[in-house]
Amino acid sequence: MNDPVWLSRLQFGITIGFHFVFVTISLGMAWLLLAMESMAWRTGQPEWNRAARFFGRIFIVTFAFGVVTGIVMEFQFGLNWAVFSGFVGDIFGTPLAAEGLFTFVIESVFIGLYIFGRDRVPKAIHWFSIFMVALGATLSAFWILVANSWMHTPAGYAVRNGRIELSNFYDVVFNQSMWSRFFHTVDAVLVGGAFFVAGVSAYLLLKHKDVELAKKTLRLSVTFGLVVSVLELYPFGDMSARQVALTEPTKFAAMESVEKTGPRAAIVLFGIPVEEPPRLIYDVRVPGALSWLAYRDANAAVKGFDQFSPNELPPLALTFTSFHLMVGLGTFFIAAMGWAVIELIRGRLWESRWFLWVLVLSIPLPILACQFGWLTAEVGRQPWIVYGVMRTSDAASPNVSGSQVLFSLWLFGILYLMLGTVYVLLIARDVRRGPQPLRVGERPT
């Protein structure tokens, strides 16, 4: 419990996981908010305008919490991971600088215009401001995922004088896993935004608040949610899994507990992971399905644990469990949004109280799915911090003790508990109040 490397990993995991809660809600909601503003501008219906104002308030609070929690992460590279920062700073700092200098500036300028320009600037400029906020948030995710993807599939570098130096910027940005990781992650947060708006809209219907407004936003969110939930399975999830099989075979073996290399590798439907030796018990498998998934050939050989030394393998239990929980939740998202659309077509969605409660209670599930996906990606990369190049055990700051990290970990835990409580209370208050009527002087469109 006093190992500084393990504690530093735990601290960074908690920090980035807490930050990603707000990213999942805000980035996903930004594009739905753009749709609401578009409908308000195009139709002139006051319900759409009030819906945009209502969800816009929630978005702004979430965005602010995301900014506050995001700033903390980058300081940890220099504090807890000084050796890593010195070794890869020439490459790793470039996309982080691009994210801070360009996309964050875009978001900051235009979210200010969106907040304070409402009813003061022309409708086209107001619409453009939220479009730029959504675009800026997506570009911010792009640069962060460039840096993260490079750690999984390093490219465009040379090792000189004991450190990594940039040799090809294009290869760094467009490394092998970047596009699959970008589409898979961004689509995942779109699912999160859809479920958040759908759950809040369902709550308004259950409490008989602004029924006509809630029907419009629920119709928008479940239709959008079905599309992005299906896309998360195929092609984006499929693309990501095939990329992992190609570039990170140890992670792929842990995700599906492939114990022996050979053809007709099986997908696991159920199993209980055991670490020593790494294996599954009580497992149920579909022969050939994993080979087909990875290589589109049911007879293709997939590398198993026997191809690697034990110190090259990631922890089986956490990698396997988090991956299958993510997949299970993704399946639920398709089923839930599919049923919602069927009920919508039948005209029975508004009266189905049990299912409206399902949507309300499902609000946190996409956030959990994103956390499980992140755990799969990062724990599955172990023992490497840069896959095949630098081990995590060699990356931590040598002069930071375990007790120091533990102390700061407790401080972060208390701070995040307070921030999380405040955020939930603020959002719950806004949702209970519901959309507010337009005041004198406010434009209905």
# chains A, B, ... in the order shown; residues from 1 in each chain; ligands from 1
>>> residues_around(residues="Arg219 in chain A", least_positions_apart="4", cutoff="9 Å", atoms="only C-alpha atoms", output="list in words")
Ala198, Ala214, Lys215, Thr223, Phe224, Ala340, Val341 and Leu344 of chain A
>>> write_last_selection(atoms="N, CA and C atoms", output="short mmCIF file (atom, residue, chain, number, x, y, z; two decimals), in the first residue's frame")
data_model
loop_
_atom_site.label_atom_id
_atom_site.label_comp_id
_atom_site.auth_asym_id
_atom_site.auth_seq_id
_atom_site.Cartn_x
_atom_site.Cartn_y
_atom_site.Cartn_z
N ALA A 198 -32.21 11.99 -22.38
CA ALA A 198 -33.39 11.11 -22.35
C ALA A 198 -33.86 10.89 -20.92
N ALA A 214 -40.85 18.14 -22.91
CA ALA A 214 -40.17 16.88 -22.59
C ALA A 214 -40.37 15.85 -23.69
N LYS A 215 -41.54 15.84 -24.32
CA LYS A 215 -41.77 14.91 -25.43
C LYS A 215 -40.82 15.21 -26.59
N THR A 223 -33.92 8.91 -30.43
CA THR A 223 -33.60 8.66 -31.84
C THR A 223 -32.10 8.78 -32.07
N PHE A 224 -31.54 9.87 -31.57
CA PHE A 224 -30.09 10.07 -31.65
C PHE A 224 -29.36 8.96 -30.90
N ALA A 340 -37.13 2.08 -26.95
CA ALA A 340 -37.69 3.43 -26.87
C ALA A 340 -38.21 3.91 -28.23
N VAL A 341 -37.45 3.64 -29.27
CA VAL A 341 -37.88 4.05 -30.61
C VAL A 341 -39.10 3.26 -31.06
N LEU A 344 -41.92 4.71 -29.32
CA LEU A 344 -42.18 6.02 -29.90
C LEU A 344 -43.01 5.89 -31.17
#
>>> select_by_dssp(residues="range 62-286 of chain A", states="strand (DSSP E)", output="count of residues only")
24
>>> residues_around(residues="Leu27 in chain A", least_positions_apart="6", cutoff="8 Å", atoms="only C-alpha atoms", output="count of residues only")
6
>>> residues_around(residues="Gly288 in chain A", least_positions_apart="5", cutoff="12 Å", atoms="only C-alpha atoms", output="ChimeraX atom specification")
/A:258,262-268,293-302
>>> residues_around(residues="Ser177 in chain A", least_positions_apart="2", cutoff="7 Å", atoms="only C-alpha atoms", output="mmCIF file with N, CA and C atoms, in the first residue's frame")
data_model
loop_
_atom_site.group_PDB
_atom_site.id
_atom_site.type_symbol
_atom_site.label_atom_id
_atom_site.label_comp_id
_atom_site.auth_asym_id
_atom_site.auth_seq_id
_atom_site.Cartn_x
_atom_site.Cartn_y
_atom_site.Cartn_z
ATOM 1 N N SER A 149 -3.286 7.707 -27.615
ATOM 2 C CA SER A 149 -3.100 6.643 -28.604
ATOM 3 C C SER A 149 -1.627 6.404 -28.882
ATOM 4 N N THR A 153 0.372 2.922 -29.344
ATOM 5 C CA THR A 153 1.001 2.563 -30.626
ATOM 6 C C THR A 153 1.995 3.651 -31.008
ATOM 7 N N ASN A 175 -1.059 7.979 -35.591
ATOM 8 C CA ASN A 175 -0.518 6.661 -35.272
ATOM 9 C C ASN A 175 -1.596 5.593 -35.495
ATOM 10 N N TRP A 179 -7.325 6.797 -34.967
ATOM 11 C CA TRP A 179 -8.669 6.966 -35.506
ATOM 12 C C TRP A 179 -9.663 6.016 -34.841
ATOM 13 N N SER A 180 -9.280 4.776 -34.631
ATOM 14 C CA SER A 180 -10.213 3.842 -33.986
ATOM 15 C C SER A 180 -10.516 4.279 -32.565
ATOM 16 N N ARG A 181 -9.505 4.763 -31.843
ATOM 17 C CA ARG A 181 -9.710 5.220 -30.473
ATOM 18 C C ARG A 181 -10.565 6.492 -30.450
ATOM 19 N N GLN A 243 -8.096 -3.413 -34.107
ATOM 20 C CA GLN A 243 -6.833 -2.679 -33.965
ATOM 21 C C GLN A 243 -6.037 -3.195 -32.773
#
>>> residues_around(residues="range 10-26 of chain A", least_positions_apart="3", cutoff="8 Å", atoms="only C-alpha atoms", output="VMD selection string")
chain A and resid 6 to 7 29 to 30 59 62 to 63 65 to 66 69 to 70 72 to 73 76 188 to 190 192 to 193 196 366 to 367 370 to 371 405 409 412 416
>>> residues_around(residues="Val386 in chain A", least_positions_apart="5", cutoff="10 Å", atoms="only C-alpha atoms", output="NGL selection string")
:A and (84 or 88 or 148-154 or 381 or 391-392 or 395)
>>> write_last_selection(atoms="N, CA and C atoms", output="JSON list (two decimals), in the first residue's frame")
[["chain", "number", "residue", "atom", "x", "y", "z"],
["A", 84, "PHE", "N", 8.96, 9.80, -16.87],
["A", 84, "PHE", "CA", 8.16, 9.69, -18.10],
["A", 84, "PHE", "C", 8.14, 11.02, -18.85],
["A", 88, "VAL", "N", 9.61, 11.33, -22.71],
["A", 88, "VAL", "CA", 8.73, 11.45, -23.88],
["A", 88, "VAL", "C", 8.18, 12.87, -24.07],
["A", 148, "ASN", "N", -2.85, 9.98, -26.01],
["A", 148, "ASN", "CA", -3.11, 8.68, -25.39],
["A", 148, "ASN", "C", -2.85, 7.54, -26.37],
["A", 149, "SER", "N", -3.29, 7.71, -27.62],
["A", 149, "SER", "CA", -3.10, 6.64, -28.60],
["A", 149, "SER", "C", -1.63, 6.40, -28.88],
["A", 150, "TRP", "N", -0.84, 7.47, -28.87],
["A", 150, "TRP", "CA", 0.60, 7.32, -29.11],
["A", 150, "TRP", "C", 1.23, 6.43, -28.04],
["A", 151, "MET", "N", 0.74, 6.50, -26.81],
["A", 151, "MET", "CA", 1.27, 5.65, -25.75],
["A", 151, "MET", "C", 0.97, 4.17, -26.02],
["A", 152, "HIS", "N", -0.09, 3.89, -26.76],
["A", 152, "HIS", "CA", -0.44, 2.51, -27.10],
["A", 152, "HIS", "C", 0.26, 2.03, -28.37],
["A", 153, "THR", "N", 0.37, 2.92, -29.34],
["A", 153, "THR", "CA", 1.00, 2.56, -30.63],
["A", 153, "THR", "C", 1.99, 3.65, -31.01],
["A", 154, "PRO", "N", 3.15, 3.70, -30.33],
["A", 154, "PRO", "CA", 4.12, 4.77, -30.57],
["A", 154, "PRO", "C", 4.67, 4.73, -31.99],
["A", 381, "ARG", "N", -2.81, -2.14, -21.11],
["A", 381, "ARG", "CA", -1.51, -1.77, -21.68],
["A", 381, "ARG", "C", -0.35, -2.16, -20.76],
["A", 391, "ARG", "N", 8.50, 0.93, -19.50],
["A", 391, "ARG", "CA", 7.66, 0.29, -18.50],
["A", 391, "ARG", "C", 7.15, 1.31, -17.48],
["A", 392, "THR", "N", 5.98, 1.07, -16.97],
["A", 392, "THR", "CA", 5.38, 1.96, -15.98],
["A", 392, "THR", "C", 6.25, 2.05, -14.73],
["A", 395, "ALA", "N", 8.83, 4.79, -14.90],
["A", 395, "ALA", "CA", 8.38, 6.12, -15.33],
["A", 395, "ALA", "C", 8.10, 7.08, -14.19]]
>>> atom_distance(atom1="CA of Pro435 in chain A", atom2="CA of Ala141 in chain A")
29.8 Å
>>> decode(residues="range 374-390 of chain A", atoms="C-alpha atoms", output="PDB file, in the first residue's frame")
ATOM      1  CA  TRP A 374     -10.836   3.352 -20.078  1.00  0.00           C
ATOM      2  CA  LEU A 375      -9.814   0.704 -17.539  1.00  0.00           C
ATOM      3  CA  THR A 376      -9.650  -1.884 -20.314  1.00  0.00           C
ATOM      4  CA  ALA A 377      -7.425   0.341 -22.427  1.00  0.00           C
ATOM      5  CA  GLU A 378      -5.063   1.526 -19.692  1.00  0.00           C
ATOM      6  CA  VAL A 379      -4.814  -1.535 -17.456  1.00  0.00           C
ATOM      7  CA  GLY A 380      -4.587  -3.730 -20.547  1.00  0.00           C
ATOM      8  CA  ARG A 381      -1.506  -1.774 -21.681  1.00  0.00           C
ATOM      9  CA  GLN A 382       0.410  -2.731 -18.548  1.00  0.00           C
ATOM     10  CA  PRO A 383       3.215  -3.279 -17.721  1.00  0.00           C
ATOM     11  CA  TRP A 384       4.008  -0.587 -20.315  1.00  0.00           C
ATOM     12  CA  ILE A 385       3.373   3.132 -19.999  1.00  0.00           C
ATOM     13  CA  VAL A 386       4.499   3.442 -23.640  1.00  0.00           C
ATOM     14  CA  TYR A 387       3.769   0.080 -25.207  1.00  0.00           C
ATOM     15  CA  GLY A 388       6.962  -1.835 -25.936  1.00  0.00           C
ATOM     16  CA  VAL A 389       9.142   1.209 -25.184  1.00  0.00           C
ATOM     17  CA  MET A 390       8.938   2.204 -21.505  1.00  0.00           C
TER      18      MET A 390
END
